[in-house]
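target35.tsv follows; it contains TSV, C-alpha atoms.
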```
chain	number	residue	atom	x	y	z
A	1	MET	CA	248.53	53.93	51.67
A	2	LEU	CA	248.15	54.27	47.90
A	3	ASP	CA	248.29	57.75	46.43
A	4	PRO	CA	244.72	58.58	45.26
A	5	LEU	CA	246.23	60.65	42.45
A	6	GLY	CA	248.00	57.61	41.05
A	7	SER	CA	251.28	57.50	39.15
A	8	LEU	CA	252.39	60.22	36.75
A	9	ASP	CA	251.72	57.85	33.85
A	10	GLU	CA	248.14	57.32	35.04
A	11	ILE	CA	247.61	61.06	35.53
A	12	LEU	CA	248.83	61.90	32.02
A	13	LYS	CA	246.89	59.07	30.37
A	14	GLY	CA	243.79	60.32	32.18
A	15	LYS	CA	242.06	59.88	35.51
A	16	ILE	CA	238.69	60.82	36.91
A	17	LEU	CA	238.96	62.02	40.50
A	18	LEU	CA	235.82	62.31	42.62
A	19	ILE	CA	236.37	65.06	45.18
A	20	ASN	CA	234.16	66.07	48.11
A	21	LYS	CA	234.45	69.84	47.74
A	22	PRO	CA	234.62	71.61	51.10
A	23	LYS	CA	232.52	74.64	51.97
A	24	ASN	CA	234.10	78.02	51.15
A	25	TRP	CA	236.33	76.53	48.45
A	26	THR	CA	235.65	77.47	44.85
A	27	SER	CA	235.73	74.70	42.26
A	28	PHE	CA	238.75	76.46	40.76
A	29	ASP	CA	240.48	76.35	44.19
A	30	VAL	CA	240.17	72.57	44.17
A	31	VAL	CA	241.57	72.22	40.64
A	32	LYS	CA	244.40	74.65	41.40
A	33	LYS	CA	245.41	72.74	44.56
A	34	ILE	CA	245.38	69.37	42.83
A	35	LYS	CA	247.36	70.72	39.88
A	36	SER	CA	250.03	72.28	42.11
A	37	THR	CA	250.28	69.05	44.12
A	38	ILE	CA	250.81	66.95	40.98
A	39	LYS	CA	253.44	69.35	39.62
A	40	ARG	CA	255.33	69.39	42.90
A	41	LYS	CA	255.18	65.63	43.52
A	42	HIS	CA	256.32	64.71	40.02
A	43	ASN	CA	258.54	67.72	39.31
A	44	ILE	CA	256.74	68.69	36.09
A	45	SER	CA	255.83	72.12	34.78
A	46	LYS	CA	252.55	71.36	33.01
A	47	VAL	CA	249.59	69.04	33.47
A	48	LYS	CA	246.10	69.12	32.00
A	49	ILE	CA	243.35	69.20	34.62
A	50	GLY	CA	239.79	70.52	34.82
A	51	HIS	CA	236.46	70.00	36.56
A	52	ALA	CA	233.08	68.96	35.18
A	53	GLY	CA	230.42	71.24	36.65
A	54	THR	CA	231.01	74.20	38.94
A	55	LEU	CA	229.83	74.21	42.55
A	56	ASP	CA	229.21	77.52	44.33
A	57	PRO	CA	231.72	78.33	47.10
A	58	LEU	CA	229.08	77.79	49.83
A	59	ALA	CA	227.99	74.44	48.36
A	60	THR	CA	229.66	71.14	49.19
A	61	GLY	CA	229.76	67.73	47.63
A	62	LEU	CA	230.75	65.96	44.45
A	63	LEU	CA	233.20	67.67	42.14
A	64	VAL	CA	234.40	65.56	39.22
A	65	VAL	CA	237.99	66.40	38.30
A	66	CYS	CA	239.59	65.07	35.12
A	67	THR	CA	243.31	64.83	34.37
A	68	GLY	CA	245.40	64.32	31.24
A	69	LYS	CA	243.59	62.97	28.19
A	70	TYR	CA	240.40	62.53	30.25
A	71	THR	CA	239.88	66.31	30.18
A	72	LYS	CA	238.25	65.58	26.81
A	73	LYS	CA	235.47	63.85	28.78
A	74	ILE	CA	234.52	67.00	30.69
A	75	SER	CA	231.78	68.17	28.31
A	76	GLU	CA	230.22	64.70	28.27
A	77	ILE	CA	230.19	64.48	32.08
A	78	GLN	CA	228.76	68.00	32.42
A	79	ARG	CA	225.77	67.03	30.28
A	80	GLN	CA	224.71	64.28	32.68
A	81	LYS	CA	221.95	64.72	35.27
A	82	LYS	CA	222.91	65.92	38.71
A	83	THR	CA	221.39	65.26	42.14
A	84	TYR	CA	221.44	67.77	44.98
A	85	GLU	CA	220.25	67.70	48.57
A	86	GLY	CA	219.82	70.91	50.49
A	87	GLU	CA	217.86	73.26	52.68
A	88	LEU	CA	215.99	76.46	51.93
A	89	ILE	CA	214.52	78.86	54.44
A	90	LEU	CA	211.29	80.78	53.87
A	91	GLY	CA	210.57	84.35	54.90
A	92	LYS	CA	213.77	86.10	53.80
A	93	THR	CA	215.69	86.81	50.61
A	94	THR	CA	219.24	87.83	49.75
A	95	PRO	CA	220.58	89.35	46.50
A	96	SER	CA	222.66	86.20	45.88
A	97	TYR	CA	219.76	83.85	46.79
A	98	ASP	CA	222.05	82.21	49.38
A	99	LEU	CA	224.12	83.29	52.39
A	100	GLU	CA	226.90	84.95	50.38
A	101	THR	CA	225.10	88.29	50.84
A	102	GLU	CA	223.05	89.92	53.61
A	103	PHE	CA	219.27	89.72	53.89
A	104	ASP	CA	217.52	92.37	51.81
A	105	ALA	CA	213.81	91.64	52.39
A	106	TYR	CA	211.49	89.89	54.84
A	107	PHE	CA	208.16	88.16	54.12
A	108	PRO	CA	205.27	86.50	56.00
A	109	THR	CA	205.19	82.71	56.30
A	110	ARG	CA	202.11	82.05	58.49
A	111	HIS	CA	199.87	81.53	55.45
A	112	ILE	CA	202.10	78.74	54.06
A	113	ASN	CA	201.18	75.08	54.58
A	114	LYS	CA	202.57	71.76	53.40
A	115	GLN	CA	200.05	71.38	50.58
A	116	MET	CA	200.96	74.80	49.13
A	117	LEU	CA	204.63	73.87	49.22
A	118	ALA	CA	204.08	70.45	47.63
A	119	GLU	CA	202.05	71.98	44.79
A	120	ALA	CA	204.65	74.71	44.30
A	121	ALA	CA	207.48	72.17	44.10
A	122	LYS	CA	205.52	70.09	41.58
A	123	SER	CA	205.12	73.14	39.33
A	124	PHE	CA	208.89	73.27	38.86
A	125	THR	CA	209.24	69.76	37.42
A	126	GLY	CA	209.76	69.27	33.71
A	127	LYS	CA	211.29	71.80	31.32
A	128	ILE	CA	211.13	75.29	32.76
A	129	ASP	CA	212.41	78.78	32.00
A	130	GLN	CA	214.84	79.85	34.69
A	131	ILE	CA	216.52	83.20	35.31
A	132	PRO	CA	220.02	82.67	36.76
A	133	PRO	CA	221.05	84.67	39.84
A	134	LEU	CA	222.78	88.00	39.34
A	135	TYR	CA	225.50	86.67	41.65
A	136	SER	CA	226.72	83.97	39.27
A	137	ALA	CA	229.75	83.20	37.11
A	138	LEU	CA	227.85	83.68	33.86
A	139	LYS	CA	229.47	86.19	31.53
A	140	VAL	CA	227.79	89.26	30.04
A	141	LYS	CA	229.93	91.26	27.60
A	142	GLY	CA	233.02	89.39	28.74
A	143	GLU	CA	232.55	89.98	32.47
A	144	ARG	CA	231.21	87.71	35.22
A	145	LEU	CA	227.78	88.68	36.50
A	146	TYR	CA	228.90	88.61	40.15
A	147	GLN	CA	231.52	91.25	39.34
A	148	LYS	CA	228.80	93.56	38.04
A	149	ALA	CA	226.58	92.72	41.02
A	150	ARG	CA	229.29	93.64	43.51
A	151	ARG	CA	229.56	97.07	41.88
A	152	GLY	CA	225.82	97.51	42.22
A	153	GLU	CA	225.15	97.42	38.48
A	154	LYS	CA	221.72	96.35	37.26
A	155	VAL	CA	221.85	93.81	34.47
A	156	LYS	CA	219.01	92.32	32.47
A	157	ILE	CA	219.43	88.54	32.56
A	158	SER	CA	217.70	86.37	29.98
A	159	SER	CA	215.92	83.21	31.07
A	160	ARG	CA	217.09	79.84	29.83
A	161	LYS	CA	215.62	76.37	29.54
A	162	VAL	CA	216.53	73.81	32.19
A	163	GLU	CA	214.94	70.49	33.10
A	164	ILE	CA	213.95	69.37	36.59
A	165	SER	CA	213.43	65.61	36.61
A	166	SER	CA	212.47	65.44	40.27
A	167	PHE	CA	211.93	67.97	43.10
A	168	ILE	CA	211.00	66.36	46.41
A	169	LEU	CA	210.52	68.19	49.70
A	170	THR	CA	211.94	65.62	52.11
A	171	ASP	CA	211.17	67.49	55.34
A	172	ILE	CA	208.94	70.51	55.92
A	173	SER	CA	209.41	72.34	59.22
A	174	ILE	CA	208.42	75.87	58.23
A	175	PRO	CA	210.39	78.05	57.73
A	176	LYS	CA	213.00	75.35	57.04
A	177	ILE	CA	212.53	72.97	54.13
A	178	GLN	CA	214.80	70.04	53.24
A	179	PHE	CA	214.74	68.94	49.61
A	180	LYS	CA	216.22	66.63	47.00
A	181	ILE	CA	216.37	67.63	43.34
A	182	VAL	CA	217.50	65.94	40.12
A	183	CYS	CA	218.18	68.35	37.28
A	184	SER	CA	219.95	69.10	34.03
A	185	LYS	CA	223.16	70.96	33.34
A	186	GLY	CA	222.92	74.71	33.93
A	187	THR	CA	220.27	74.60	36.65
A	188	TYR	CA	220.75	77.06	39.49
A	189	ILE	CA	219.39	75.58	42.71
A	190	ARG	CA	219.60	79.04	44.30
A	191	SER	CA	217.09	80.27	41.71
A	192	ILE	CA	214.82	77.31	42.47
A	193	ALA	CA	214.84	78.29	46.17
A	194	TYR	CA	214.14	81.95	45.38
A	195	ASP	CA	211.38	81.15	42.89
A	196	LEU	CA	209.73	78.68	45.27
A	197	GLY	CA	209.49	81.46	47.86
A	198	LYS	CA	207.75	83.70	45.32
A	199	LYS	CA	205.43	80.86	44.32
A	200	VAL	CA	204.01	80.68	47.86
A	201	ASP	CA	203.72	84.49	48.20
A	202	SER	CA	206.76	84.80	50.41
A	203	GLY	CA	210.52	84.79	49.99
A	204	ALA	CA	213.23	82.16	50.37
A	205	PHE	CA	216.96	81.66	50.21
A	206	LEU	CA	219.22	78.62	49.92
A	207	SER	CA	220.83	77.90	53.28
A	208	SER	CA	222.84	74.77	52.36
A	209	LEU	CA	223.49	72.56	49.34
A	210	THR	CA	225.33	69.31	48.64
A	211	ARG	CA	225.75	67.66	45.24
A	212	THR	CA	225.48	63.90	45.60
A	213	THR	CA	225.64	62.56	42.03
A	214	ILE	CA	226.68	63.47	38.49
A	215	GLY	CA	225.51	60.74	36.16
A	216	GLU	CA	226.97	57.48	37.51
A	217	HIS	CA	229.50	59.28	39.72
A	218	MET	CA	228.56	59.34	43.41
A	219	LEU	CA	229.60	61.44	46.38
A	220	SER	CA	229.83	58.25	48.46
A	221	ASN	CA	232.82	57.23	46.30
A	222	SER	CA	234.61	60.58	46.62
A	223	ILE	CA	237.75	61.47	48.54
A	224	GLU	CA	238.52	64.47	50.73
A	225	ILE	CA	240.80	67.16	49.32
A	226	ASN	CA	243.09	66.74	52.35
A	227	ASP	CA	243.72	63.13	51.31
A	228	ILE	CA	245.40	64.44	48.17
A	229	LEU	CA	247.43	67.34	49.51
A	230	ASP	CA	250.83	66.72	51.12
```

Target encoding structure tokens, full file:
Amino acid sequence: MLDPLGSLDEILKGKILLINKPKNWTSFDVVKKIKSTIKRKHNISKVKIGHAGTLDPLATGLLVVCTGKYTKKISEIQRQKKTYEGELILGKTTPSYDLETEFDAYFPTRHINKQMLAEAAKSFTGKIDQIPPLYSALKVKGERLYQKARRGEKVKISSRKVEISSFILTDISIPKIQFKIVCSKGTYIRSIAYDLGKKVDSGAFLSSLTRTTIGEHMLSNSIEINDILD
């Protein structure tokens, strides 16, 4: 079986690796594991490697990893549109907007119908102002927001412009909603889930998320991290 990492010459010249990130791994975990594997296999002390677009630890799916001279392509890849498929659940919220933290509030859902949800989803398409979650890797005064959140600090977070090209609710079985979304760099799908809950006078959290595309790169062409590790 051919080594998916390729030869050392290929790695140094530059490769794009499409990885199916497992749940509970950080994007940095994936890069760190691949880097250590390359260094050990080829007995080298340094190798350039990075990823194009962070996935939350609880999310799965496509992580684009660049090696060698192709690390210069990271910014270009990050700017490309991304596609996600996931599930949100109505009636509850968490501080992190996903299952990283415990439920902090409960809301009614009986008044919600499919038409309300479809109209709410449509209102998110186009260029919108989005407030990122407090539990995120964004930095404020040199420190990650999630570090402040875990200490219980309250931080004012500014909204930022993102673009939602498409937001389709693929299955509605209240309180569970399956969706597919195409969006720009910097979009927090957790915030979309939370804001959708508010839009229908309830609450919501993201229960699962998988990234399926980044530009022309597809999850269906990715490899498992275990296929790389010795």

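Taking all atoms listed in the file into account, Thr210 of chain A lies nearest to A:Leu58 out of the set A:Leu169, A:Val47, A:Leu58, A:Ala121.
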
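Going from atom CA of Ser136 of chain A over to atom CA of Leu63 of chain A, you cover 17.8 Å.
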
Give me the residues of segment 21-90 of chain A that have any atom at most 9 Å from an atom of segment 190-202 of chain A; for each, the nearest atom pair and the distance in Å, rounded to one decimal. Use all atoms listed in the file, sort by chain and number, and format it as a tab-separated table.
```
residue	atom	partner	partner_atom	distance
A:Glu87	CA	A:Ala193	CA	8.8
A:Leu88	CA	A:Ala193	CA	6.2
A:Ile89	CA	A:Ala193	CA	8.3
A:Leu90	CA	A:Gly197	CA	6.3
```

Problem set entry | Of the listed residues A:Thr54, A:Ser220, A:Thr187, A:Asn43, that which approaches Ile74 of chain A most closely, counting only C-alpha atoms |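 The answer is A:Thr54, which sits nearest to Ile74 of chain A.
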
Considering all atoms listed in the file, return as a short mmCIF file (atom, residue, chain, number, x, y, z; two decimals) with C-alpha atoms, in the coordinates of the input whatever protein or nucleic-acid residues lie within 6 Å of segment 19-27 of chain A, sequence-local ones (same chain, fewer than 5 positions apart) excluded.
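Output saved as part_35.cif:
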```cif
data_model
loop_
_atom_site.label_atom_id
_atom_site.label_comp_id
_atom_site.auth_asym_id
_atom_site.auth_seq_id
_atom_site.Cartn_x
_atom_site.Cartn_y
_atom_site.Cartn_z
CA THR A 54 231.01 74.20 38.94
CA LEU A 55 229.83 74.21 42.55
CA PRO A 57 231.72 78.33 47.10
CA LEU A 58 229.08 77.79 49.83
CA ALA A 59 227.99 74.44 48.36
CA THR A 60 229.66 71.14 49.19
CA GLY A 61 229.76 67.73 47.63
CA LEU A 62 230.75 65.96 44.45
CA LEU A 63 233.20 67.67 42.14
CA SER A 222 234.61 60.58 46.62
CA ILE A 223 237.75 61.47 48.54
CA GLU A 224 238.52 64.47 50.73
#
```

For this session: Compare A:Tyr70, A:Tyr188, A:Tyr146, A:Phe124 by their minimum atom-to-atom distance to Ile164 of chain A, counting all atoms listed in the file, and give me the closest one.
Result: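 Among the listed residues, A:Phe124 lies closest to Ile164 of chain A.
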
Problem set entry | Spatial neighbours of segment 153-161 of chain A, max dist 8 Å, only C-alpha atoms, sep filter under 6 positions, as a PyMOL selection string | chain A and resi 127-132+134

Store the residues of this selection in a file with C-alpha atoms, as a PDB file, keeping the file's coordinate frame.
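Once written, part05.pdb looks like this:
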```pdb
ATOM      1  CA  LYS A 127     211.290  71.800  31.320  1.00  0.00           C
ATOM      2  CA  ILE A 128     211.130  75.290  32.760  1.00  0.00           C
ATOM      3  CA  ASP A 129     212.410  78.780  32.000  1.00  0.00           C
ATOM      4  CA  GLN A 130     214.840  79.850  34.690  1.00  0.00           C
ATOM      5  CA  ILE A 131     216.520  83.200  35.310  1.00  0.00           C
ATOM      6  CA  PRO A 132     220.020  82.670  36.760  1.00  0.00           C
ATOM      7  CA  LEU A 134     222.780  88.000  39.340  1.00  0.00           C
TER       8      LEU A 134
END
```

Exercise. At what distance in Å, to one decimal, does atom CA of Gln80 of chain A lie from atom CA of Asp3 of chain A?
Worked result: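 Between atom CA of Asp3 of chain A and atom CA of Gln80 of chain A the gap is 28.1 Å.
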
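Comparing the minimum interatomic distances between Phe103 of chain A and each of A:Ser36, A:Gln115, A:Ser207, A:Ser173, counting only C-alpha atoms, we find that A:Ser207 sits nearest.
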
Exercise. For the atom pair atom CA of Asn113 of chain A and atom CA of Glu100 of chain A, what is the interatomic distance in Å to one decimal place?
Worked result: 27.9 Å

For this session: May I have the residues within 9 Å of Leu12 of chain A as a PyMOL selection string, using all atoms listed in the file and disregarding those fewer than 5 positions away in the same chain?
Result: chain A and resi 7+47-48+67-70

Exercise. For Gly91 of chain A, which residue among A:Leu206, A:Met218, A:Val31, A:Ala120 is the nearest when counting only C-alpha atoms?
Worked result: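 Checking each of A:Leu206, A:Met218, A:Val31, A:Ala120 against Gly91 of chain A, counting only C-alpha atoms, the winner is A:Leu206.
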
Would you give the centre and edge lengths, in Å to one decimal, of a box along x, y and z around the listed atoms of segment 211-216 of chain A, with 8 Å added to each side, as AutoDock Vina command-line options?
```
--center_x 226.2 --center_y 62.6 --center_z 40.9 --size_x 17.5 --size_y 26.2 --size_z 25.4
```

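When all atoms listed in the file are used to measure the gap to Phe179 of chain A, the shortest distance among A:Gln78, A:Thr83, A:Gln147, A:Thr94 belongs to A:Thr83.
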
Please produce segment 60-82 of chain A, completed to N, CA, C and O atoms, as a compact mmCIF listing (two decimals), keeping the file's coordinate frame.
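rebuild-v1.txt, written as the output of this step:
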```txt
# COMPACT_ATOMS: atom_id res chain seq x y z
N THR A 60 228.71 72.23 48.98
CA THR A 60 229.66 71.14 49.19
C THR A 60 229.29 69.98 48.29
O THR A 60 228.28 70.00 47.60
N GLY A 61 230.14 68.94 48.33
CA GLY A 61 229.76 67.73 47.63
C GLY A 61 230.60 67.41 46.41
O GLY A 61 231.73 67.88 46.26
N LEU A 62 230.02 66.61 45.54
CA LEU A 62 230.75 65.96 44.45
C LEU A 62 231.24 66.95 43.39
O LEU A 62 230.46 67.64 42.76
N LEU A 63 232.56 66.95 43.23
CA LEU A 63 233.20 67.67 42.14
C LEU A 63 234.01 66.66 41.35
O LEU A 63 234.90 66.00 41.90
N VAL A 64 233.68 66.50 40.07
CA VAL A 64 234.40 65.56 39.22
C VAL A 64 235.57 66.29 38.57
O VAL A 64 235.38 67.28 37.86
N VAL A 65 236.77 65.80 38.83
CA VAL A 65 237.99 66.40 38.30
C VAL A 65 238.64 65.42 37.33
O VAL A 65 238.81 64.24 37.66
N CYS A 66 238.97 65.91 36.14
CA CYS A 66 239.59 65.07 35.12
C CYS A 66 241.02 65.50 34.86
O CYS A 66 241.31 66.70 34.83
N THR A 67 241.91 64.52 34.65
CA THR A 67 243.31 64.83 34.37
C THR A 67 243.71 64.28 33.00
O THR A 67 243.06 63.40 32.45
N GLY A 68 244.81 64.83 32.48
CA GLY A 68 245.40 64.32 31.24
C GLY A 68 244.41 64.25 30.09
O GLY A 68 243.62 65.17 29.87
N LYS A 69 244.44 63.13 29.37
CA LYS A 69 243.59 62.97 28.19
C LYS A 69 242.11 62.89 28.55
O LYS A 69 241.25 63.09 27.69
N TYR A 70 241.80 62.61 29.83
CA TYR A 70 240.40 62.53 30.25
C TYR A 70 239.74 63.91 30.35
O TYR A 70 238.52 63.99 30.55
N THR A 71 240.51 64.98 30.20
CA THR A 71 239.88 66.31 30.18
C THR A 71 238.95 66.44 28.97
O THR A 71 238.05 67.28 28.97
N LYS A 72 239.15 65.58 27.97
CA LYS A 72 238.25 65.58 26.81
C LYS A 72 236.86 65.06 27.17
O LYS A 72 235.91 65.24 26.41
N LYS A 73 236.75 64.39 28.34
CA LYS A 73 235.47 63.85 28.78
C LYS A 73 234.63 64.86 29.55
O LYS A 73 233.48 64.59 29.91
N ILE A 74 235.19 66.03 29.82
CA ILE A 74 234.52 67.00 30.69
C ILE A 74 233.14 67.41 30.16
O ILE A 74 232.16 67.41 30.90
N SER A 75 233.07 67.74 28.89
CA SER A 75 231.78 68.17 28.31
C SER A 75 230.73 67.07 28.43
O SER A 75 229.56 67.35 28.74
N GLU A 76 231.14 65.84 28.19
CA GLU A 76 230.22 64.70 28.27
C GLU A 76 229.70 64.52 29.70
O GLU A 76 228.51 64.31 29.92
N ILE A 77 230.59 64.64 30.68
CA ILE A 77 230.19 64.48 32.08
C ILE A 77 229.27 65.62 32.50
O ILE A 77 228.27 65.41 33.19
N GLN A 78 229.58 66.83 32.06
CA GLN A 78 228.76 68.00 32.42
C GLN A 78 227.32 67.87 31.95
O GLN A 78 226.41 68.40 32.58
N ARG A 79 227.11 67.17 30.84
CA ARG A 79 225.77 67.03 30.28
C ARG A 79 224.89 66.07 31.07
O ARG A 79 223.68 66.03 30.87
N GLN A 80 225.47 65.29 31.96
CA GLN A 80 224.71 64.28 32.68
C GLN A 80 223.90 64.91 33.82
O GLN A 80 224.22 65.98 34.31
N LYS A 81 222.83 64.21 34.20
CA LYS A 81 221.95 64.72 35.27
C LYS A 81 222.69 64.77 36.60
O LYS A 81 223.57 63.95 36.87
N LYS A 82 222.29 65.73 37.41
CA LYS A 82 222.91 65.92 38.71
C LYS A 82 221.86 65.84 39.82
O LYS A 82 220.71 66.24 39.61
```
